[in-house]
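Student: Structure file structure_15.csv (CSV, C-alpha atoms and all ligand atoms) is given on the next line.
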```csv
chain,number,residue,atom,x,y,z
A,230,MET,CA,23.0,-65.3,116.1
A,231,GLN,CA,20.0,-63.8,114.4
A,232,THR,CA,17.8,-66.0,112.3
A,233,GLY,CA,15.2,-64.2,110.3
A,234,ILE,CA,13.0,-62.3,112.7
A,235,VAL,CA,13.7,-64.5,115.7
A,236,LEU,CA,16.3,-63.3,118.1
A,237,GLU,CA,18.4,-65.9,119.9
A,238,THR,CA,19.4,-64.8,123.4
A,239,LYS,CA,21.4,-66.9,125.8
A,240,GLY,CA,20.0,-70.1,124.4
A,241,ALA,CA,16.4,-69.0,124.7
A,242,THR,CA,14.4,-67.9,121.7
A,243,MET,CA,12.9,-64.5,122.0
A,244,LYS,CA,10.5,-63.4,119.4
A,245,LYS,CA,10.4,-59.7,118.3
A,246,ARG,CA,7.5,-57.8,119.8
A,247,VAL,CA,4.8,-56.4,117.6
A,248,LEU,CA,2.4,-53.7,118.8
A,249,SER,CA,-0.3,-52.0,116.9
A,250,GLY,CA,-3.6,-50.2,117.7
A,251,ILE,CA,-7.0,-49.4,116.2
A,252,GLN,CA,-9.7,-46.9,117.3
A,253,PRO,CA,-13.0,-48.3,118.4
A,254,THR,CA,-15.0,-45.7,116.5
A,255,GLY,CA,-17.1,-48.2,114.6
A,256,ASN,CA,-17.3,-48.6,110.8
A,257,ILE,CA,-14.2,-50.8,110.7
A,258,HIS,CA,-13.7,-51.2,107.0
A,259,ILE,CA,-11.7,-53.3,104.5
A,260,GLY,CA,-9.0,-50.6,104.4
A,261,ASN,CA,-8.3,-51.3,108.2
A,262,TYR,CA,-8.5,-55.0,107.4
A,263,LEU,CA,-6.3,-55.1,104.3
A,264,GLY,CA,-3.9,-52.4,105.5
A,265,ALA,CA,-3.4,-53.6,109.1
A,266,ILE,CA,-5.5,-56.4,110.7
A,267,LYS,CA,-4.9,-59.0,108.1
A,268,HIS,CA,-1.1,-58.6,108.5
A,269,TRP,CA,-1.4,-58.8,112.3
A,270,ILE,CA,-3.1,-62.1,111.9
A,271,THR,CA,-0.9,-63.7,109.2
A,272,SER,CA,2.3,-62.9,111.0
A,273,GLN,CA,1.2,-63.5,114.6
A,274,ALA,CA,3.0,-66.9,115.0
A,275,GLU,CA,6.4,-65.2,114.2
A,276,PHE,CA,6.1,-62.5,116.8
A,277,ASP,CA,5.0,-61.7,120.4
A,278,ASN,CA,2.0,-59.5,119.7
A,279,ILE,CA,0.1,-56.8,121.5
A,280,PHE,CA,-3.0,-55.2,120.0
A,281,CYS,CA,-4.5,-52.2,121.6
A,282,ILE,CA,-8.1,-50.9,121.2
A,283,VAL,CA,-7.4,-47.2,121.6
A,284,ASP,CA,-10.4,-45.8,123.3
A,285,LEU,CA,-8.4,-42.8,124.6
A,286,HIS,CA,-7.6,-41.9,121.0
A,287,ALA,CA,-11.3,-42.3,120.1
A,288,ILE,CA,-12.5,-39.6,122.6
A,289,THR,CA,-10.5,-37.0,120.7
A,290,VAL,CA,-13.8,-36.8,118.9
A,291,THR,CA,-16.9,-36.5,121.1
A,292,GLN,CA,-18.4,-40.0,121.5
A,293,ASN,CA,-21.8,-41.2,122.9
A,294,PRO,CA,-20.6,-43.1,126.1
A,295,LYS,CA,-23.0,-46.0,125.6
A,296,ILE,CA,-22.2,-46.4,121.9
A,297,LEU,CA,-18.4,-46.1,122.6
A,298,LYS,CA,-18.7,-49.1,125.1
A,299,SER,CA,-20.5,-51.1,122.5
A,300,LYS,CA,-18.0,-50.2,119.8
A,301,ILE,CA,-15.1,-51.4,122.0
A,302,ARG,CA,-16.8,-54.8,122.3
A,303,GLU,CA,-17.6,-54.9,118.7
A,304,LEU,CA,-14.1,-54.2,117.7
A,305,ALA,CA,-12.7,-56.8,120.1
A,306,GLY,CA,-15.2,-59.3,118.6
A,307,LEU,CA,-14.1,-58.4,115.1
A,308,LEU,CA,-10.4,-58.8,115.9
A,309,PHE,CA,-10.9,-62.3,117.4
A,310,ALA,CA,-13.3,-63.3,114.6
A,311,ALA,CA,-10.8,-62.1,112.0
A,312,GLY,CA,-8.3,-64.6,113.5
A,313,ILE,CA,-6.4,-63.0,116.4
A,314,ASP,CA,-5.4,-66.0,118.5
A,315,ARG,CA,-5.2,-65.5,122.3
A,316,LYS,CA,-2.4,-68.0,122.5
A,317,LEU,CA,-0.2,-65.8,120.3
A,318,SER,CA,-1.5,-62.3,120.8
A,319,HIS,CA,-2.8,-60.1,123.6
A,320,VAL,CA,-5.7,-57.8,122.9
A,321,PHE,CA,-6.6,-55.1,125.4
A,322,VAL,CA,-8.3,-51.7,125.9
A,323,GLN,CA,-5.9,-48.7,126.2
A,324,SER,CA,-7.8,-47.1,129.1
A,325,HIS,CA,-7.6,-50.3,131.2
A,326,ILE,CA,-3.9,-49.6,131.7
A,327,SER,CA,-3.4,-46.2,133.2
A,328,ALA,CA,0.3,-46.2,132.4
A,329,HIS,CA,-0.6,-45.0,128.8
A,330,ALA,CA,-2.0,-41.7,130.0
A,331,GLU,CA,0.7,-41.2,132.6
A,332,LEU,CA,3.6,-41.8,130.2
A,333,THR,CA,1.9,-39.5,127.6
A,334,TRP,CA,2.3,-36.6,130.1
A,335,ILE,CA,6.0,-37.3,130.6
A,336,LEU,CA,6.5,-37.5,126.8
A,337,ASN,CA,4.6,-34.3,126.3
A,338,CYS,CA,7.1,-32.5,128.5
A,339,LEU,CA,10.0,-33.4,126.2
A,340,THR,CA,8.4,-33.2,122.8
A,341,PRO,CA,9.0,-29.9,120.9
A,342,MET,CA,5.8,-28.2,119.7
A,343,GLY,CA,7.3,-28.1,116.2
A,344,TRP,CA,7.4,-31.9,116.0
A,345,MET,CA,3.7,-32.1,116.7
A,346,GLN,CA,2.8,-29.2,114.4
A,347,ARG,CA,4.4,-31.1,111.5
A,348,MET,CA,2.0,-34.0,111.7
A,349,THR,CA,0.0,-34.0,108.5
A,350,GLN,CA,-3.0,-35.8,109.9
A,351,PHE,CA,-3.4,-33.0,112.5
A,352,LYS,CA,-2.8,-30.3,109.9
A,353,GLU,CA,-5.5,-31.7,107.6
A,354,LYS,CA,-8.1,-32.2,110.4
A,355,SER,CA,-7.5,-28.7,111.9
A,356,GLN,CA,-8.1,-27.1,108.5
A,357,LYS,CA,-11.5,-28.8,108.3
A,358,GLU,CA,-12.9,-28.7,111.8
A,359,GLN,CA,-12.5,-27.2,115.2
A,360,VAL,CA,-9.9,-29.3,117.0
A,361,ASN,CA,-9.2,-29.9,120.6
A,362,VAL,CA,-5.9,-30.3,122.5
A,363,GLY,CA,-6.4,-34.1,122.7
A,364,LEU,CA,-6.3,-34.3,118.9
A,365,PHE,CA,-3.1,-32.3,118.8
A,366,ASP,CA,-1.5,-34.5,121.4
A,367,TYR,CA,-2.8,-37.8,119.9
A,368,PRO,CA,0.7,-38.7,118.5
A,369,ALA,CA,2.3,-38.5,121.9
A,370,LEU,CA,-0.3,-40.9,123.3
A,371,MET,CA,0.4,-43.2,120.4
A,372,ALA,CA,4.1,-43.0,121.2
A,373,ALA,CA,3.3,-44.0,124.8
A,374,ASP,CA,1.3,-47.0,123.5
A,375,ILE,CA,4.3,-48.1,121.5
A,376,LEU,CA,7.1,-47.3,124.0
A,377,LEU,CA,5.5,-48.9,127.1
A,378,TYR,CA,6.0,-52.4,125.7
A,379,GLU,CA,9.6,-52.5,124.4
A,380,THR,CA,8.1,-52.7,120.9
A,381,ASP,CA,10.3,-53.8,117.9
A,382,LEU,CA,7.8,-53.5,115.1
A,383,VAL,CA,4.6,-51.5,114.5
A,384,PRO,CA,2.6,-52.7,111.6
A,385,VAL,CA,0.3,-50.0,110.3
A,386,GLY,CA,-1.2,-48.5,107.1
A,387,GLU,CA,0.5,-45.7,105.3
A,388,ASP,CA,-1.4,-42.9,107.2
A,389,GLN,CA,0.2,-43.9,110.5
A,390,LYS,CA,3.8,-44.0,109.4
A,391,GLN,CA,4.6,-40.4,110.3
A,392,HIS,CA,3.2,-41.0,113.9
A,393,VAL,CA,5.4,-44.1,114.3
A,394,GLU,CA,8.4,-42.1,113.1
A,395,LEU,CA,7.6,-39.4,115.7
A,396,ALA,CA,7.5,-42.1,118.4
A,397,ARG,CA,11.0,-43.1,117.4
A,398,ASP,CA,12.1,-39.4,117.6
A,399,ILE,CA,10.6,-39.0,121.0
A,400,ALA,CA,12.2,-42.3,122.3
A,401,GLN,CA,15.6,-41.1,121.0
A,402,ARG,CA,15.2,-37.8,122.6
A,403,PHE,CA,14.3,-39.3,126.0
A,404,ASN,CA,17.2,-41.7,125.7
A,405,SER,CA,19.6,-38.9,124.9
A,406,ILE,CA,18.5,-36.8,127.9
A,407,TYR,CA,18.0,-39.6,130.5
A,408,GLY,CA,20.1,-42.5,129.2
A,409,GLU,CA,19.1,-45.7,127.4
A,410,THR,CA,15.5,-46.5,128.3
A,411,PHE,CA,13.3,-47.0,125.4
A,412,LYS,CA,13.7,-49.5,122.5
A,413,ILE,CA,13.5,-47.7,119.2
A,414,PRO,CA,10.5,-49.1,117.2
A,415,GLU,CA,10.3,-49.6,113.4
A,416,PRO,CA,7.2,-49.0,111.3
A,417,VAL,CA,6.1,-51.9,109.1
A,418,ILE,CA,4.0,-50.8,106.1
A,419,PRO,CA,2.6,-53.4,103.7
A,420,GLU,CA,3.9,-53.2,100.1
A,421,THR,CA,0.3,-53.5,98.8
A,422,GLY,CA,-2.8,-52.2,100.5
A,423,ALA,CA,-1.2,-49.7,102.8
A,424,ARG,CA,-3.6,-47.1,101.5
A,425,ILE,CA,-7.0,-48.4,100.3
A,426,MET,CA,-9.0,-45.6,98.7
A,427,GLY,CA,-12.7,-44.6,99.1
A,428,LEU,CA,-15.0,-46.4,96.6
A,429,ASP,CA,-16.9,-43.2,96.0
A,430,ASP,CA,-13.8,-41.1,95.5
A,431,PRO,CA,-10.6,-43.0,94.8
A,432,THR,CA,-8.4,-40.0,95.3
A,433,LYS,CA,-9.3,-40.0,99.1
A,434,LYS,CA,-8.2,-42.6,101.6
A,435,MET,CA,-11.0,-45.0,102.8
A,436,SER,CA,-11.8,-43.6,106.2
A,437,LYS,CA,-14.0,-44.5,109.2
A,438,SER,CA,-15.1,-40.9,109.6
A,439,GLU,CA,-16.5,-40.6,106.1
A,440,THR,CA,-20.2,-41.6,106.4
A,441,GLN,CA,-21.5,-41.4,102.8
A,442,GLN,CA,-23.1,-44.7,101.8
A,443,GLY,CA,-20.8,-46.2,99.2
A,444,HIS,CA,-17.6,-44.8,100.6
A,445,ALA,CA,-16.4,-47.9,102.4
A,446,ILE,CA,-17.2,-51.6,102.8
A,447,HIS,CA,-17.5,-52.4,106.4
A,448,LEU,CA,-16.5,-55.8,107.8
A,449,LEU,CA,-20.1,-56.5,109.0
A,450,ASP,CA,-21.8,-55.4,105.8
A,451,SER,CA,-24.4,-57.9,104.4
A,452,PRO,CA,-23.8,-59.5,101.0
A,453,ASP,CA,-26.4,-57.2,99.4
A,454,VAL,CA,-24.8,-54.1,100.8
A,455,ILE,CA,-21.3,-55.2,99.7
A,456,ARG,CA,-22.6,-55.9,96.2
A,457,SER,CA,-24.3,-52.6,95.8
A,458,LYS,CA,-21.3,-50.6,97.1
A,459,THR,CA,-18.9,-52.5,94.8
A,460,MET,CA,-21.1,-52.1,91.8
A,461,GLY,CA,-21.4,-48.4,92.5
A,462,ALA,CA,-17.6,-47.9,92.9
A,463,VAL,CA,-16.2,-45.0,90.9
A,464,THR,CA,-13.9,-46.0,88.1
A,465,ASP,CA,-13.2,-44.2,84.8
A,466,SER,CA,-14.4,-44.2,81.2
A,467,LEU,CA,-11.7,-46.4,79.9
A,468,ARG,CA,-12.3,-50.1,79.4
A,469,GLU,CA,-9.1,-52.0,80.1
A,470,ILE,CA,-8.8,-53.8,83.4
A,471,ARG,CA,-5.1,-53.2,84.3
A,472,PHE,CA,-3.1,-52.4,87.4
A,473,ASP,CA,-2.3,-48.8,86.4
A,474,GLU,CA,-1.7,-46.4,89.3
A,475,ASN,CA,-2.6,-43.5,87.1
A,476,ARG,CA,-6.2,-44.8,87.0
A,477,PRO,CA,-6.9,-44.7,90.8
A,478,GLY,CA,-10.5,-46.1,90.7
A,479,ILE,CA,-9.9,-49.4,88.9
A,480,TYR,CA,-6.4,-49.7,90.4
A,481,ASN,CA,-7.9,-49.6,93.9
A,482,LEU,CA,-10.5,-52.2,93.1
A,483,LEU,CA,-7.9,-54.5,91.5
A,484,VAL,CA,-5.7,-54.1,94.7
A,485,ILE,CA,-8.7,-55.2,96.8
A,486,TYR,CA,-9.2,-58.2,94.5
A,487,GLU,CA,-5.6,-59.1,94.7
A,488,LEU,CA,-5.5,-58.9,98.5
A,489,PHE,CA,-8.6,-60.9,99.0
A,490,THR,CA,-7.7,-63.7,96.5
A,491,GLY,CA,-3.9,-63.8,96.7
A,492,ILE,CA,-3.8,-64.2,92.9
A,493,SER,CA,-0.9,-62.5,91.0
A,494,ARG,CA,-1.5,-59.3,89.1
A,495,ALA,CA,-0.7,-60.9,85.8
A,496,GLU,CA,-3.2,-63.6,86.4
A,497,ILE,CA,-5.9,-61.2,87.4
A,498,GLU,CA,-5.3,-59.1,84.3
A,499,ALA,CA,-5.5,-62.2,82.1
A,500,ARG,CA,-8.7,-63.3,83.8
A,501,PHE,CA,-10.4,-60.1,83.0
A,502,GLU,CA,-9.0,-59.4,79.5
A,503,GLY,CA,-11.7,-58.3,77.1
A,504,LYS,CA,-14.3,-58.1,79.9
A,505,GLY,CA,-16.1,-55.0,81.1
A,506,TYR,CA,-16.1,-53.2,84.4
A,507,ALA,CA,-19.5,-54.6,85.3
A,508,ASP,CA,-18.2,-58.2,85.0
A,509,PHE,CA,-15.1,-57.4,87.1
A,510,LYS,CA,-17.1,-55.7,89.8
A,511,LYS,CA,-19.6,-58.6,90.0
A,512,ASP,CA,-16.6,-61.0,90.6
A,513,LEU,CA,-15.0,-58.5,93.0
A,514,ALA,CA,-18.2,-58.4,95.1
A,515,ASP,CA,-18.3,-62.2,95.3
A,516,VAL,CA,-14.7,-62.3,96.3
A,517,ILE,CA,-15.2,-59.7,99.1
A,518,ILE,CA,-18.5,-61.4,100.3
A,519,GLU,CA,-16.7,-64.8,100.4
A,520,GLY,CA,-13.6,-63.3,102.0
A,521,LEU,CA,-15.6,-61.8,104.9
A,522,LYS,CA,-18.0,-64.6,105.4
A,523,PRO,CA,-15.9,-66.7,107.9
A,524,LEU,CA,-15.2,-63.6,109.9
A,525,GLN,CA,-18.8,-62.6,110.0
A,526,SER,CA,-20.0,-66.0,111.1
A,527,ARG,CA,-17.3,-66.3,113.8
A,528,TYR,CA,-18.2,-62.8,114.9
A,529,ARG,CA,-21.9,-63.8,115.5
A,530,ASP,CA,-20.8,-66.8,117.5
A,531,LEU,CA,-18.3,-64.9,119.6
A,532,THR,CA,-20.6,-62.0,120.5
A,533,ALA,CA,-23.7,-64.1,121.3
A,534,ASP,CA,-22.6,-63.7,124.9
A,535,GLU,CA,-21.3,-60.1,125.5
A,536,SER,CA,-19.7,-61.0,128.8
A,537,TYR,CA,-17.3,-63.4,127.1
A,538,ILE,CA,-15.7,-60.6,125.1
A,539,ASP,CA,-15.4,-58.4,128.2
A,540,SER,CA,-13.7,-61.3,130.0
A,541,LEU,CA,-11.2,-61.6,127.2
A,542,LEU,CA,-10.3,-57.9,127.4
A,543,VAL,CA,-9.9,-58.1,131.2
A,544,GLU,CA,-7.6,-61.1,130.7
A,545,GLY,CA,-5.6,-59.3,127.9
A,546,ALA,CA,-4.9,-56.2,130.1
A,547,SER,CA,-4.0,-58.2,133.1
A,548,LYS,CA,-1.4,-60.2,131.2
A,549,ILE,CA,0.5,-57.2,129.8
A,550,ARG,CA,-0.1,-54.6,132.6
A,551,PRO,CA,3.2,-55.6,134.4
A,552,ILE,CA,5.2,-54.9,131.2
A,553,ALA,CA,3.9,-51.3,131.0
A,554,GLU,CA,4.2,-50.7,134.8
A,555,LYS,CA,7.8,-51.8,134.8
A,556,ILE,CA,8.7,-49.4,132.0
A,557,LEU,CA,6.7,-46.6,133.6
A,558,THR,CA,8.5,-47.1,136.9
A,559,THR,CA,11.9,-46.9,135.2
A,560,VAL,CA,10.9,-43.8,133.3
A,561,LYS,CA,9.6,-42.1,136.5
A,562,ASP,CA,12.7,-43.0,138.3
A,563,LYS,CA,15.0,-41.6,135.5
A,564,VAL,CA,13.0,-38.3,135.3
A,565,GLY,CA,13.1,-38.0,139.1
A,566,LEU,CA,9.4,-38.4,139.9
A,567,GLY,CA,8.0,-39.9,143.1
A,601,LIG,P1,-7.0,-46.3,112.9
A,601,LIG,O1,-8.0,-46.8,113.9
A,601,LIG,O2,-7.4,-45.1,112.1
A,601,LIG,O3,-6.7,-47.4,111.8
A,601,LIG,C1,-6.3,-48.7,112.2
A,601,LIG,C2,-5.3,-49.3,111.2
A,601,LIG,O4,-5.8,-49.3,109.9
A,601,LIG,C3,-5.0,-48.6,109.0
A,601,LIG,N1,-5.8,-48.0,108.0
A,601,LIG,C4,-5.7,-48.2,106.6
A,601,LIG,N2,-4.9,-49.0,105.9
A,601,LIG,C5,-5.0,-49.0,104.6
A,601,LIG,N3,-6.0,-48.3,103.9
A,601,LIG,C6,-6.8,-47.4,104.6
A,601,LIG,N4,-7.7,-46.7,103.9
A,601,LIG,C7,-6.7,-47.4,106.0
A,601,LIG,N5,-7.3,-46.7,107.0
A,601,LIG,C8,-6.8,-47.0,108.2
A,601,LIG,C9,-4.2,-47.6,109.8
A,601,LIG,O5,-3.0,-47.2,109.2
A,601,LIG,C10,-4.0,-48.4,111.1
A,601,LIG,O6,-2.9,-49.2,111.0
A,601,LIG,N6,-3.6,-43.8,115.6
A,601,LIG,C11,-4.0,-45.1,115.1
A,601,LIG,C12,-4.2,-46.2,116.2
A,601,LIG,C13,-3.1,-46.3,117.2
A,601,LIG,C14,-1.9,-47.0,117.0
A,601,LIG,C15,-1.2,-46.9,118.2
A,601,LIG,C16,-1.3,-47.7,115.9
A,601,LIG,C17,-3.0,-45.8,118.4
A,601,LIG,N7,-1.9,-46.2,119.1
A,601,LIG,C18,0.1,-47.5,118.4
A,601,LIG,C19,-0.1,-48.3,116.1
A,601,LIG,C20,0.6,-48.2,117.3
A,601,LIG,C21,-5.3,-45.0,114.4
A,601,LIG,O7,-6.1,-44.1,114.6
A,601,LIG,O8,-5.6,-46.1,113.5
```
Can you turn what I pasted into structure tokens?
Ligand code: TYM
Tutor:
Amino acid sequence: MQTGIVLETKGATMKKRVLSGIQPTGNIHIGNYLGAIKHWITSQAEFDNIFCIVDLHAITVTQNPKILKSKIRELAGLLFAAGIDRKLSHVFVQSHISAHAELTWILNCLTPMGWMQRMTQFKEKSQKEQVNVGLFDYPALMAADILLYETDLVPVGEDQKQHVELARDIAQRFNSIYGETFKIPEPVIPETGARIMGLDDPTKKMSKSETQQGHAIHLLDSPDVIRSKTMGAVTDSLREIRFDENRPGIYNLLVIYELFTGISRAEIEARFEGKGYADFKKDLADVIIEGLKPLQSRYRDLTADESYIDSLLVEGASKIRPIAEKILTTVKDKVGLG
């Protein structure tokens, strides 16, 4: 019998498996936190969780090797500091498990070009910059990340939904050609906060690759920086502080306030009735500073010894490698390899 999200199987309780990923490209911001990381943490006791630091995805853009290594450690430190609990969740680095790259190739060979050409993120990026084959193939690698672990649920922000849907299509195609092999994963998108917008331009998603000062609040920003970015956030010339999606600047700031405080929308609107944007922004800055404070202090403790984080990542990969290897062996066998 199914009770909530826990599956009962033959007397034993089996939790659903969650898998998600994040790129170690630095500049981890409150959009990543509110749209993804926070949900991974709050629901980790209900599920069996795997979180992947996707360094192979990161090199679709040229990276400085030394900086990439330090960003991988930084991101792992941030995830643990934010509240990922090693007793409930496994955190690992994608390139530590070679099955990801190997399965990607097999998936490439049954994915129609048209499916990949439809990906909006690729279409947008290829209009702006010279792109490489890796960037085009990025969704197949993401499908491999998901399918290698018999994943049930993939909690992501809105921008990754299409990629998770593609992973479903690829899994279904494989199963229909070679017989039942992959579990079909479901994307899980938060109702609020799935698309936090840039503070400097609330019509654009907050993004790690935007480097203008004032675009994003990063998880390790100091209180002064958080205050100045918040005070400088673009709003509009109206006065009322209301959750109105047609006013993207103030709406985005109110959503951030709501998610950091957990206070209802009606209460927030009542709290700021008759007040100006400057008062609201001052409070919002305090809320973000206080919200990130515990994470920032745990981060400093955890990363005092770099080798500690490295050892957690080695441990994470060694625990889950057998799951990936088992699926890959089945896949190779079905395809007729080896
Ligand atoms: P990445 O590293 O760009 O983002 C990590 C997570 O943060 C979410 N996110 C946001 N949520 C709300 N508002 C925003 N402005 C915002 N910006 C980013 C993303 O949706 C994501 O959930 N391809 C993925 C990583 C990946 C992955 C996977 C995810 C690789 N393999 C397998 C799930 C399953 C990416 O680049 O995320």
Student: Using all atoms listed in the file, which residues of the polymer chains come no farther than 8 Å from ligand LIG 601 (chain A)? I'd like the answer as a PyMOL selection string.
Tutor: chain A and resi 248-254+258-266+281-283+286-287+367-368+370-375+383-390+392-393+422-427+434-437
Student: Mind checking which residues fall within 12 Å of A:Gln401, counting all atoms listed in the file, ignoring those fewer than 2 positions away in the same chain, and posting them as a ChimeraX atom specification?
Tutor: /A:336,339-340,372,376,394-399,403-414
Student: Take atom CA of A:Met460 and atom CA of A:Leu524 and report the distance between them in Å, one decimal.
Tutor: 22.2 Å
Student: Find the residue from A:Ala305, A:Met342, A:Leu377, A:Ile335 that sits nearest to A:Leu566; use all atoms listed in the file when measuring.
Tutor: A:Ile335
Student: Quick one: residues within 12 Å of A:Asn475, only C-alpha atoms, excluding same-chain residues fewer than 4 positions away - as a list in words?
Tutor: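 Surrounding residues, per the criterion: Pro431, Thr432, Thr464, Asp465, Leu467, Arg471, Ile479, Tyr480 and Asn481 of chain A.
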Student: Which polymer residues have any atom within 7 Å of an atom of stretch 542-554 of chain A, counting only C-alpha atoms, with same-chain residues fewer than 4 positions away left out, as a list in words?
Tutor: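 That gives His319, Val320, Phe321, Val322, His325, Ile326, Ala328, Leu377, Tyr378, Ile538 and Thr558 of chain A.
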Student: My list of candidates is A:Lys267, A:Arg402, A:Lys458, A:His444. Which is closest to A:Ala311 when distances are computed with all atoms listed in the file?
Tutor: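 Comparing A:Lys267, A:Arg402, A:Lys458, A:His444 against A:Ala311, the winner is A:Lys267.
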Student: For the atom pair atom CA of A:Asp429 and atom CA of A:Gly520, what is the interatomic distance in Å to one decimal place?
Tutor: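 Taking atom CA of A:Asp429 as the start and atom CA of A:Gly520 as the end point, the length is 21.2 Å.
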Student: Please return as a compact mmCIF listing (two decimals) with C-alpha atoms, in the frame of the given file every residue within 9 Å of (-17.8, -62.6, 118.8), taking into account only C-alpha atoms and the file's own coordinates.
Tutor:
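The resulting file, selection.txt, is reproduced below:
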```
# COMPACT_ATOMS: atom_id res chain seq x y z
CA ARG A 302 -16.80 -54.80 122.30
CA GLU A 303 -17.60 -54.90 118.70
CA ALA A 305 -12.70 -56.80 120.10
CA GLY A 306 -15.20 -59.30 118.60
CA LEU A 307 -14.10 -58.40 115.10
CA LEU A 308 -10.40 -58.80 115.90
CA PHE A 309 -10.90 -62.30 117.40
CA ALA A 310 -13.30 -63.30 114.60
CA GLN A 525 -18.80 -62.60 110.00
CA SER A 526 -20.00 -66.00 111.10
CA ARG A 527 -17.30 -66.30 113.80
CA TYR A 528 -18.20 -62.80 114.90
CA ARG A 529 -21.90 -63.80 115.50
CA ASP A 530 -20.80 -66.80 117.50
CA LEU A 531 -18.30 -64.90 119.60
CA THR A 532 -20.60 -62.00 120.50
CA ALA A 533 -23.70 -64.10 121.30
CA ASP A 534 -22.60 -63.70 124.90
CA GLU A 535 -21.30 -60.10 125.50
CA TYR A 537 -17.30 -63.40 127.10
CA ILE A 538 -15.70 -60.60 125.10
```
Student: Between atom CA of A:Leu382 and atom CA of A:Asn278, what is the distance in Å, rounded to a tenth?
Tutor: 9.5 Å
Student: Would you mind telling me which residue in A:Ser318, A:Thr490, A:Asn337, A:Thr380 lies nearest to A:Ile279 when using only C-alpha atoms?
Tutor: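 Between A:Ser318, A:Thr490, A:Asn337, A:Thr380, the residue approaching A:Ile279 most closely is A:Ser318.
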Student: Since the input has fewer atoms than a full residue there, write stretch 556-567 of chain A out with N, CA, C and O atoms, as a PDB file, keeping the file's coordinate frame.
Tutor:
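Below is the file that was written, out31.pdb:
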```
ATOM      1  N   ILE A 556       8.103 -50.482 132.790  1.00  0.00           N
ATOM      2  CA  ILE A 556       8.700 -49.400 132.000  1.00  0.00           C
ATOM      3  C   ILE A 556       8.401 -48.043 132.625  1.00  0.00           C
ATOM      4  O   ILE A 556       9.268 -47.181 132.775  1.00  0.00           O
ATOM      5  N   LEU A 557       7.134 -47.872 133.010  1.00  0.00           N
ATOM      6  CA  LEU A 557       6.700 -46.600 133.600  1.00  0.00           C
ATOM      7  C   LEU A 557       7.523 -46.295 134.866  1.00  0.00           C
ATOM      8  O   LEU A 557       7.969 -45.162 135.092  1.00  0.00           O
ATOM      9  N   THR A 558       7.730 -47.308 135.694  1.00  0.00           N
ATOM     10  CA  THR A 558       8.500 -47.100 136.900  1.00  0.00           C
ATOM     11  C   THR A 558       9.911 -46.673 136.622  1.00  0.00           C
ATOM     12  O   THR A 558      10.445 -45.744 137.231  1.00  0.00           O
ATOM     13  N   THR A 559      10.529 -47.327 135.622  1.00  0.00           N
ATOM     14  CA  THR A 559      11.900 -46.900 135.200  1.00  0.00           C
ATOM     15  C   THR A 559      11.910 -45.490 134.741  1.00  0.00           C
ATOM     16  O   THR A 559      12.788 -44.704 135.114  1.00  0.00           O
ATOM     17  N   VAL A 560      10.920 -45.153 133.900  1.00  0.00           N
ATOM     18  CA  VAL A 560      10.900 -43.800 133.300  1.00  0.00           C
ATOM     19  C   VAL A 560      10.737 -42.760 134.463  1.00  0.00           C
ATOM     20  O   VAL A 560      11.467 -41.761 134.505  1.00  0.00           O
ATOM     21  N   LYS A 561       9.818 -43.019 135.396  1.00  0.00           N
ATOM     22  CA  LYS A 561       9.600 -42.100 136.500  1.00  0.00           C
ATOM     23  C   LYS A 561      10.856 -41.887 137.313  1.00  0.00           C
ATOM     24  O   LYS A 561      11.215 -40.779 137.715  1.00  0.00           O
ATOM     25  N   ASP A 562      11.508 -42.994 137.538  1.00  0.00           N
ATOM     26  CA  ASP A 562      12.700 -43.000 138.300  1.00  0.00           C
ATOM     27  C   ASP A 562      13.789 -42.103 137.612  1.00  0.00           C
ATOM     28  O   ASP A 562      14.430 -41.245 138.202  1.00  0.00           O
ATOM     29  N   LYS A 563      13.931 -42.326 136.295  1.00  0.00           N
ATOM     30  CA  LYS A 563      15.000 -41.600 135.500  1.00  0.00           C
ATOM     31  C   LYS A 563      14.658 -40.082 135.514  1.00  0.00           C
ATOM     32  O   LYS A 563      15.554 -39.250 135.536  1.00  0.00           O
ATOM     33  N   VAL A 564      13.349 -39.757 135.429  1.00  0.00           N
ATOM     34  CA  VAL A 564      13.000 -38.300 135.300  1.00  0.00           C
ATOM     35  C   VAL A 564      13.053 -37.672 136.716  1.00  0.00           C
ATOM     36  O   VAL A 564      13.126 -36.443 136.817  1.00  0.00           O
ATOM     37  N   GLY A 565      13.045 -38.499 137.767  1.00  0.00           N
ATOM     38  CA  GLY A 565      13.100 -38.000 139.100  1.00  0.00           C
ATOM     39  C   GLY A 565      11.766 -37.785 139.775  1.00  0.00           C
ATOM     40  O   GLY A 565      11.607 -36.961 140.687  1.00  0.00           O
ATOM     41  N   LEU A 566      10.787 -38.540 139.308  1.00  0.00           N
ATOM     42  CA  LEU A 566       9.400 -38.400 139.900  1.00  0.00           C
ATOM     43  C   LEU A 566       9.239 -39.406 141.019  1.00  0.00           C
ATOM     44  O   LEU A 566       9.757 -40.527 140.957  1.00  0.00           O
ATOM     45  N   GLY A 567       8.472 -39.006 142.002  1.00  0.00           N
ATOM     46  CA  GLY A 567       8.000 -39.900 143.100  1.00  0.00           C
ATOM     47  C   GLY A 567       9.089 -40.317 144.060  1.00  0.00           C
ATOM     48  O   GLY A 567      10.241 -39.997 143.962  1.00  0.00           O
TER      49      GLY A 567
END
```
